[in-house]
file data-v3.txt (compact mmCIF, C-alpha atoms and all ligand atoms)
# COMPACT_ATOMS: atom_id res chain seq x y z
CA MET A 79 96.29 43.43 -21.60
CA ILE A 80 94.38 40.45 -23.00
CA PRO A 81 96.58 37.47 -23.93
CA SER A 82 96.20 36.33 -27.51
CA HIS A 83 96.75 32.66 -26.68
CA VAL A 84 95.76 31.06 -23.37
CA SER A 85 96.70 27.44 -22.85
CA ILE A 86 95.44 25.23 -20.05
CA ILE A 87 96.80 22.05 -18.48
CA MET A 88 93.54 20.67 -17.13
CA ASP A 89 94.35 18.74 -13.98
CA GLY A 90 92.49 17.42 -10.96
CA ASN A 91 89.46 15.67 -12.46
CA GLY A 92 90.17 12.42 -10.63
CA ARG A 93 90.67 14.13 -7.27
CA TRP A 94 87.51 16.20 -7.75
CA ALA A 95 85.48 13.03 -8.30
CA LYS A 96 87.14 11.23 -5.38
CA GLN A 97 86.29 14.12 -3.03
CA ARG A 98 82.66 13.43 -3.90
CA GLY A 99 82.94 9.66 -3.46
CA LYS A 100 82.51 9.08 -7.22
CA GLU A 101 84.45 7.29 -9.97
CA ARG A 102 87.27 9.28 -11.65
CA PHE A 103 85.28 9.40 -14.88
CA TYR A 104 82.65 11.60 -13.23
CA GLY A 105 85.39 14.26 -12.93
CA HIS A 106 86.18 14.05 -16.64
CA ILE A 107 82.50 14.58 -17.48
CA GLU A 108 82.38 17.74 -15.35
CA GLY A 109 85.73 18.68 -16.92
CA VAL A 110 84.02 18.98 -20.30
CA GLU A 111 81.68 21.57 -18.72
CA SER A 112 84.75 23.55 -17.67
CA VAL A 113 86.03 23.44 -21.26
CA ARG A 114 82.70 24.87 -22.41
CA ALA A 115 82.80 27.61 -19.74
CA CYS A 116 86.34 28.60 -20.70
CA VAL A 117 85.47 28.70 -24.41
CA GLU A 118 82.59 31.06 -23.61
CA ALA A 119 84.79 33.20 -21.37
CA ALA A 120 87.52 33.33 -24.03
CA VAL A 121 84.99 34.54 -26.64
CA GLU A 122 83.61 37.13 -24.21
CA THR A 123 87.02 38.50 -23.28
CA GLY A 124 88.48 38.61 -26.79
CA VAL A 125 91.11 35.87 -26.39
CA LYS A 126 91.88 34.64 -29.93
CA TYR A 127 93.39 31.20 -29.17
CA LEU A 128 92.41 28.86 -26.36
CA SER A 129 94.25 25.56 -26.16
CA ILE A 130 93.77 22.67 -23.76
CA PHE A 131 96.00 19.72 -22.90
CA ALA A 132 93.38 16.96 -23.11
CA PHE A 133 95.56 13.85 -23.29
CA SER A 134 99.31 13.41 -23.21
CA GLU A 135 101.38 10.72 -24.90
CA GLU A 136 102.09 9.47 -21.37
CA ASN A 137 98.35 9.22 -20.57
CA TRP A 138 98.14 6.10 -22.79
CA GLY A 139 99.72 4.35 -19.79
CA ARG A 140 96.61 4.90 -17.63
CA PRO A 141 94.30 1.93 -16.90
CA GLN A 142 92.77 0.74 -20.18
CA ASP A 143 89.17 1.34 -19.10
CA GLU A 144 89.91 4.99 -18.24
CA VAL A 145 91.68 5.51 -21.58
CA VAL A 146 88.79 3.97 -23.52
CA SER A 147 86.13 5.97 -21.69
CA LEU A 148 88.12 9.22 -22.07
CA MET A 149 88.39 8.67 -25.83
CA GLU A 150 84.66 7.94 -26.03
CA LEU A 151 83.94 11.07 -24.00
CA MET A 152 85.99 13.16 -26.44
CA VAL A 153 84.15 11.80 -29.49
CA LYS A 154 80.82 12.45 -27.75
CA ALA A 155 81.79 15.94 -26.56
CA MET A 156 83.08 16.97 -29.98
CA ALA A 157 79.92 15.73 -31.70
CA ALA A 158 77.68 17.38 -29.09
CA GLU A 159 79.46 20.75 -29.02
CA MET A 160 80.14 21.27 -32.71
CA ASP A 161 76.89 23.08 -33.61
CA SER A 162 77.35 25.55 -30.80
CA LEU A 163 81.06 26.07 -31.50
CA ASP A 164 80.37 26.65 -35.18
CA LYS A 165 77.48 29.02 -34.45
CA ASN A 166 79.74 31.06 -32.18
CA GLY A 167 82.50 31.40 -34.76
CA VAL A 168 84.92 28.98 -33.10
CA ARG A 169 87.49 27.25 -35.27
CA PHE A 170 88.25 23.79 -33.88
CA MET A 171 91.67 22.16 -34.17
CA VAL A 172 93.28 19.03 -32.77
CA ILE A 173 97.06 18.71 -32.54
CA GLY A 174 99.01 15.61 -31.53
CA ASN A 175 100.26 12.20 -32.57
CA ARG A 176 97.39 10.61 -34.49
CA GLU A 177 99.04 7.17 -34.63
CA HIS A 178 97.17 5.67 -31.68
CA LEU A 179 93.80 7.37 -32.22
CA SER A 180 90.83 5.23 -33.23
CA ASP A 181 89.32 5.61 -36.70
CA SER A 182 86.08 6.97 -35.25
CA LEU A 183 87.95 9.63 -33.26
CA LYS A 184 90.03 10.60 -36.30
CA SER A 185 87.00 10.94 -38.53
CA THR A 186 85.12 12.98 -35.89
CA ILE A 187 88.14 15.28 -35.55
CA ASP A 188 88.49 15.67 -39.32
CA SER A 189 84.85 16.53 -39.86
CA CYS A 190 84.81 19.04 -36.96
CA MET A 191 87.98 20.72 -38.22
CA LYS A 192 86.69 20.89 -41.77
CA ARG A 193 83.32 22.26 -40.74
CA THR A 194 84.75 25.08 -38.61
CA ALA A 195 87.87 25.85 -40.68
CA SER A 196 86.79 29.32 -41.78
CA ASN A 197 85.62 30.58 -38.34
CA THR A 198 87.58 33.51 -36.94
CA THR A 199 86.21 34.54 -33.51
CA LEU A 200 88.27 32.05 -31.48
CA THR A 201 90.50 29.09 -32.31
CA LEU A 202 90.07 26.21 -29.87
CA VAL A 203 93.01 23.83 -29.99
CA VAL A 204 92.78 20.44 -28.32
CA PHE A 205 96.18 18.87 -27.68
CA LEU A 206 95.44 15.18 -27.90
CA SER A 207 98.04 12.42 -27.66
CA TYR A 208 100.56 15.25 -27.53
CA SER A 209 103.90 15.68 -25.82
CA GLY A 210 106.49 18.42 -26.17
CA LYS A 211 109.37 16.01 -26.74
CA TRP A 212 107.40 14.08 -29.38
CA ASP A 213 106.75 17.37 -31.17
CA ILE A 214 110.39 18.50 -31.12
CA LEU A 215 111.59 15.08 -32.25
CA GLN A 216 109.15 14.79 -35.16
CA ALA A 217 110.15 18.31 -36.23
CA ALA A 218 113.86 17.44 -36.05
CA LYS A 219 113.32 14.30 -38.15
CA LYS A 220 111.43 16.19 -40.89
CA LEU A 221 114.04 18.94 -40.88
CA ALA A 222 116.88 16.40 -41.11
CA SER A 223 115.26 14.76 -44.09
CA ASP A 224 114.62 18.11 -45.83
CA TYR A 225 118.24 19.21 -45.35
CA ALA A 226 119.95 15.88 -46.08
CA GLY A 227 122.98 16.65 -48.26
CA ASP A 228 122.67 20.41 -47.67
CA PRO A 229 125.05 21.30 -44.80
CA GLU A 230 125.06 25.01 -45.70
CA GLY A 231 121.28 25.21 -45.66
CA LEU A 232 121.24 23.33 -42.36
CA ALA A 233 123.75 25.70 -40.79
CA ALA A 234 121.50 28.63 -41.70
CA VAL A 235 118.36 27.18 -40.10
CA SER A 236 116.97 29.67 -37.56
CA GLU A 237 114.68 29.19 -34.58
CA ALA A 238 111.86 30.63 -36.67
CA ASP A 239 112.62 28.09 -39.44
CA PHE A 240 112.59 25.24 -36.91
CA SER A 241 109.24 26.41 -35.49
CA LYS A 242 107.67 25.79 -38.89
CA TYR A 243 108.34 22.06 -38.46
CA LEU A 244 106.51 21.88 -35.12
CA SER A 245 102.94 20.63 -35.06
CA THR A 246 101.94 24.09 -33.82
CA ALA A 247 103.31 25.95 -36.87
CA SER A 248 99.94 27.51 -37.68
CA ILE A 249 99.23 28.95 -34.21
CA PRO A 250 101.06 31.51 -32.06
CA ASP A 251 103.03 30.51 -28.97
CA PRO A 252 101.00 30.65 -25.75
CA ASP A 253 101.16 33.94 -23.82
CA LEU A 254 99.78 32.31 -20.70
CA ILE A 255 99.88 28.67 -19.58
CA ILE A 256 97.57 27.83 -16.68
CA ARG A 257 97.77 24.59 -14.72
CA THR A 258 94.99 23.69 -12.32
CA SER A 259 94.96 21.51 -9.18
CA GLY A 260 98.06 22.85 -7.43
CA GLU A 261 100.64 20.83 -9.40
CA CYS A 262 103.56 23.04 -10.47
CA ARG A 263 105.09 21.40 -13.53
CA LEU A 264 104.77 21.41 -17.32
CA SER A 265 104.50 17.61 -17.73
CA ASN A 266 106.08 17.56 -21.18
CA TYR A 267 103.61 20.11 -22.57
CA LEU A 268 104.57 22.94 -24.97
CA LEU A 269 108.31 22.79 -24.22
CA TRP A 270 109.56 24.83 -27.18
CA GLN A 271 106.50 27.00 -27.59
CA GLY A 272 106.24 27.84 -23.88
CA ALA A 273 109.78 29.22 -23.62
CA TYR A 274 108.51 32.70 -22.74
CA SER A 275 104.96 31.96 -21.65
CA GLU A 276 103.76 33.34 -18.38
CA LEU A 277 102.94 30.43 -16.07
CA LEU A 278 100.04 30.41 -13.64
CA PHE A 279 99.48 27.58 -11.19
CA VAL A 280 96.14 27.62 -9.39
CA ASP A 281 94.85 25.29 -6.66
CA THR A 282 91.37 25.01 -8.20
CA LEU A 283 90.62 21.53 -9.55
CA TRP A 284 89.73 21.53 -13.25
CA PRO A 285 86.00 20.72 -12.82
CA ASP A 286 85.73 23.83 -10.60
CA PHE A 287 87.57 26.07 -13.07
CA LYS A 288 84.74 27.99 -14.72
CA LYS A 289 84.23 31.53 -16.09
CA GLU A 290 85.14 33.38 -12.92
CA GLU A 291 88.45 31.50 -12.54
CA PHE A 292 89.24 32.14 -16.21
CA ARG A 293 88.65 35.86 -15.76
CA LYS A 294 90.78 35.88 -12.61
CA ALA A 295 93.61 34.22 -14.54
CA LEU A 296 93.43 36.95 -17.18
CA GLU A 297 93.54 39.55 -14.43
CA SER A 298 96.67 37.96 -12.98
CA TYR A 299 98.24 37.90 -16.47
CA SER A 300 97.51 41.59 -16.96
CA LYS A 301 99.78 42.38 -13.99
CA ARG A 302 102.75 40.45 -15.37
CA ASP A 303 105.78 42.25 -16.73
CA ARG A 304 106.95 40.40 -19.85
CA ARG A 305 110.55 41.22 -20.65
CA TYR A 306 111.67 38.24 -22.78
CA GLY A 307 115.09 38.30 -21.12
CA LYS A 308 115.57 41.99 -21.84
CA VAL A 309 115.46 45.10 -19.68
CA LYS A 310 112.45 47.44 -19.85
C1 LIG B 401 93.39 15.55 -15.82
O1 LIG B 401 92.81 15.15 -14.62
C2 LIG B 401 92.44 15.43 -16.95
C3 LIG B 401 92.60 14.64 -18.05
C4 LIG B 401 93.80 13.83 -18.27
C5 LIG B 401 91.58 14.55 -19.11
C6 LIG B 401 90.87 15.80 -19.44
C7 LIG B 401 89.94 15.62 -20.56
C8 LIG B 401 88.73 16.21 -20.67
C9 LIG B 401 88.15 17.06 -19.61
C10 LIG B 401 87.92 16.00 -21.91
C11 LIG B 401 88.08 17.19 -22.82
C12 LIG B 401 87.04 17.20 -23.87
C13 LIG B 401 87.23 17.59 -25.16
C14 LIG B 401 86.10 17.72 -26.06
C15 LIG B 401 88.56 17.85 -25.69
P1 LIG B 401 93.39 13.86 -13.87
O2 LIG B 401 92.60 12.67 -14.31
O3 LIG B 401 94.85 13.78 -14.08
O4 LIG B 401 93.05 14.20 -12.37
P2 LIG B 401 93.89 13.78 -11.07
O5 LIG B 401 95.23 14.43 -11.19
O6 LIG B 401 93.06 14.33 -9.95
O7 LIG B 401 93.97 12.29 -11.07
call {"tool": "encode", "arguments": {"input": "data-v3.txt", "output": "structure tokens"}}
result
Amino acid sequence: MIPSHVSIIMDGNGRWAKQRGKERFYGHIEGVESVRACVEAAVETGVKYLSIFAFSEENWGRPQDEVVSLMELMVKAMAAEMDSLDKNGVRFMVIGNREHLSDSLKSTIDSCMKRTASNTTLTLVVFLSYSGKWDILQAAKKLASDYAGDPEGLAAVSEADFSKYLSTASIPDPDLIIRTSGECRLSNYLLWQGAYSELLFVDTLWPDFKKEEFRKALESYSKRDRRYGKVK
């Protein structure tokens, strides 16, 4: 049983670097290598959607120099990886609140998304400046404006209708959400979309999470019994 959509909360970069007596940023650099390894493993195993929580709305509150270098790292990594992603049939998407992103990051994202838009082997979604509550709130605001003066229409709105207002409308809900580094929480990630996701918390720090760990996670998922609140 291969999950269609695997989502990863990448955690532990700072601790990984500290264990080696290095600056936190060193962990983020190795973290990009883990993203590459997981993309390769996802393609090899037939996973159709791989998403990663790269930066939360709350992460803007980190020290300014870390935020700036993380954003620069993302621009660099996207530019450096795009040829290989495109060649391997990977469609690249970024989802999140674009308000605080720099112009150079936005234009890099737009050109990468445009270039890979018709690829079908794997969709790689980077959640950037994203939070679950932000997503639900922006969806509720759009819905409220669409249904202003239409109480009957509003009363008939279903969960499926509401989902279309979320920033994730074009991708399926995650089957499996993995969080690395031993922390056992969702940290305001896919709150609506993860309602019935299988959760897997592993002790491995993100820079150490490579192909073998990805395959092990799929193996663990294959043993889960998904009942969606029903009885088998
Ligand atoms: C969590 O570790 C990691 C992050 C907040 C950033 C992860 C971002 C990347 C690896 C870049 C991804 C690249 C692309 C192209 C999208 P932490 O800093 O919270 O670690 P700690 O909990 O040990 O402090």
call {"tool": "atom_distance", "arguments": {"input": "data-v3.txt", "atom1": "atom CA of A:Glu261", "atom2": "atom CA of A:Ala217"}}
result
28.6 Å
call {"tool": "residues_near_point", "arguments": {"input": "data-v3.txt", "point": "(84.4, 24.0, -13.5)", "cutoff": "9 Å", "atoms": "only C-alpha atoms", "output": "list in words"}}
result
Glu108, Gly109, Val110, Glu111, Ser112, Val113, Ala115, Cys116, Thr282, Leu283, Trp284, Pro285, Asp286, Phe287, Lys288, Lys289 and Glu291 of chain A
call {"tool": "residues_near_ligand", "arguments": {"input": "data-v3.txt", "ligand": "ligand LIG 401 (chain B)", "cutoff": "6 Å", "atoms": "all atoms listed in the file", "output": "mmCIF file with C-alpha atoms, in the frame of the given file"}}
result
data_model
loop_
_atom_site.group_PDB
_atom_site.id
_atom_site.type_symbol
_atom_site.label_atom_id
_atom_site.label_comp_id
_atom_site.auth_asym_id
_atom_site.auth_seq_id
_atom_site.Cartn_x
_atom_site.Cartn_y
_atom_site.Cartn_z
ATOM 1 C CA MET A 88 93.540 20.670 -17.130
ATOM 2 C CA ASP A 89 94.350 18.740 -13.980
ATOM 3 C CA GLY A 90 92.490 17.420 -10.960
ATOM 4 C CA ASN A 91 89.460 15.670 -12.460
ATOM 5 C CA GLY A 92 90.170 12.420 -10.630
ATOM 6 C CA ARG A 93 90.670 14.130 -7.270
ATOM 7 C CA HIS A 106 86.180 14.050 -16.640
ATOM 8 C CA GLY A 109 85.730 18.680 -16.920
ATOM 9 C CA VAL A 110 84.020 18.980 -20.300
ATOM 10 C CA ALA A 132 93.380 16.960 -23.110
ATOM 11 C CA PHE A 133 95.560 13.850 -23.290
ATOM 12 C CA MET A 152 85.990 13.160 -26.440
ATOM 13 C CA ALA A 155 81.790 15.940 -26.560
ATOM 14 C CA MET A 156 83.080 16.970 -29.980
ATOM 15 C CA VAL A 204 92.780 20.440 -28.320
#
call {"tool": "residues_near_point", "arguments": {"input": "data-v3.txt", "point": "(109.5, 19.3, -25.3)", "cutoff": "6 Å", "atoms": "all atoms listed in the file", "output": "PyMOL selection string"}}
result
chain A and resi 210-211+214+266+269-270
call {"tool": "closest_atom_pairs", "arguments": {"input": "data-v3.txt", "of": "stretch 195-260 of chain A", "to": "stretch 135-143 of chain A", "cutoff": "6 Å", "atoms": "only C-alpha atoms", "output": "tab-separated table"}}
result
residue	atom	partner	partner_atom	distance
A:Ser207	CA	A:Glu135	CA	4.7
A:Tyr208	CA	A:Glu135	CA	5.3
A:Ser209	CA	A:Glu135	CA	5.6
call {"tool": "closest_atom_pairs", "arguments": {"input": "data-v3.txt", "of": "stretch 131-177 of chain A", "to": "stretch 249-255 of chain A", "cutoff": "12 Å", "atoms": "all atoms listed in the file", "output": "JSON lines"}}
result
{"residue": "A:Phe131", "atom": "CA", "partner": "A:Ile255", "partner_atom": "CA", "distance": 10.3}
{"residue": "A:Arg169", "atom": "CA", "partner": "A:Ile249", "partner_atom": "CA", "distance": 11.9}
{"residue": "A:Met171", "atom": "CA", "partner": "A:Ile249", "partner_atom": "CA", "distance": 10.2}
{"residue": "A:Val172", "atom": "CA", "partner": "A:Ile249", "partner_atom": "CA", "distance": 11.7}
{"residue": "A:Ile173", "atom": "CA", "partner": "A:Ile249", "partner_atom": "CA", "distance": 10.6}
call {"tool": "atom_distance", "arguments": {"input": "data-v3.txt", "atom1": "atom CA of A:Leu148", "atom2": "atom CA of A:Ile107"}}
result
9.0 Å
call {"tool": "atom_distance", "arguments": {"input": "data-v3.txt", "atom1": "atom CA of A:Leu264", "atom2": "atom CA of A:Thr186"}}
result
28.3 Å
call {"tool": "closest_residue", "arguments": {"input": "data-v3.txt", "among": "A:Thr258, A:Gln271, A:Asn197, A:Ser129", "to": "A:Trp94", "atoms": "all atoms listed in the file"}}
result
A:Thr258
call {"tool": "residues_around", "arguments": {"input": "data-v3.txt", "residues": "A:Asp161", "least_positions_apart": "5", "cutoff": "10 Å", "atoms": "all atoms listed in the file", "output": "PDB file with C-alpha atoms, in the coordinates of the input"}}
result
ATOM      1  CA  MET A 156      83.080  16.970 -29.980  1.00  0.00           C
ATOM      2  CA  ASN A 166      79.740  31.060 -32.180  1.00  0.00           C
ATOM      3  CA  VAL A 168      84.920  28.980 -33.100  1.00  0.00           C
ATOM      4  CA  CYS A 190      84.810  19.040 -36.960  1.00  0.00           C
ATOM      5  CA  ARG A 193      83.320  22.260 -40.740  1.00  0.00           C
ATOM      6  CA  THR A 194      84.750  25.080 -38.610  1.00  0.00           C
TER       7      THR A 194
END
call {"tool": "residues_around", "arguments": {"input": "data-v3.txt", "residues": "A:Glu297", "least_positions_apart": "5", "cutoff": "12 Å", "atoms": "only C-alpha atoms", "output": "mmCIF file with C-alpha atoms, in the coordinates of the input"}}
result
data_model
loop_
_atom_site.group_PDB
_atom_site.id
_atom_site.type_symbol
_atom_site.label_atom_id
_atom_site.label_comp_id
_atom_site.auth_asym_id
_atom_site.auth_seq_id
_atom_site.Cartn_x
_atom_site.Cartn_y
_atom_site.Cartn_z
ATOM 1 C CA MET A 79 96.290 43.430 -21.600
ATOM 2 C CA ILE A 80 94.380 40.450 -23.000
ATOM 3 C CA PRO A 81 96.580 37.470 -23.930
ATOM 4 C CA THR A 123 87.020 38.500 -23.280
ATOM 5 C CA LEU A 254 99.780 32.310 -20.700
ATOM 6 C CA LEU A 278 100.040 30.410 -13.640
ATOM 7 C CA GLU A 290 85.140 33.380 -12.920
ATOM 8 C CA GLU A 291 88.450 31.500 -12.540
ATOM 9 C CA PHE A 292 89.240 32.140 -16.210
ATOM 10 C CA ARG A 302 102.750 40.450 -15.370
#
call {"tool": "closest_residue", "arguments": {"input": "data-v3.txt", "among": "A:Ser82, A:Gln97, A:Ser236, A:Ser300", "to": "A:Val125", "atoms": "all atoms listed in the file"}}
result
A:Ser82
call {"tool": "closest_residue", "arguments": {"input": "data-v3.txt", "among": "A:Glu101, A:Asp213, A:Glu159, A:Asp188", "to": "A:Lys242", "atoms": "only C-alpha atoms"}}
result
A:Asp213
call {"tool": "closest_residue", "arguments": {"input": "data-v3.txt", "among": "A:Ser147, A:Ser265, A:Ser298, A:Thr201", "to": "A:Phe103", "atoms": "only C-alpha atoms"}}
result
A:Ser147
call {"tool": "closest_residue", "arguments": {"input": "data-v3.txt", "among": "A:Val153, A:Ala222, A:Val280, A:Ser189", "to": "A:Lys294", "atoms": "all atoms listed in the file"}}
result
A:Val280
call {"tool": "closest_residue", "arguments": {"input": "data-v3.txt", "among": "A:Gly307, A:Ser275, A:Ser162, A:Ser245", "to": "A:Trp212", "atoms": "all atoms listed in the file"}}
result
A:Ser245
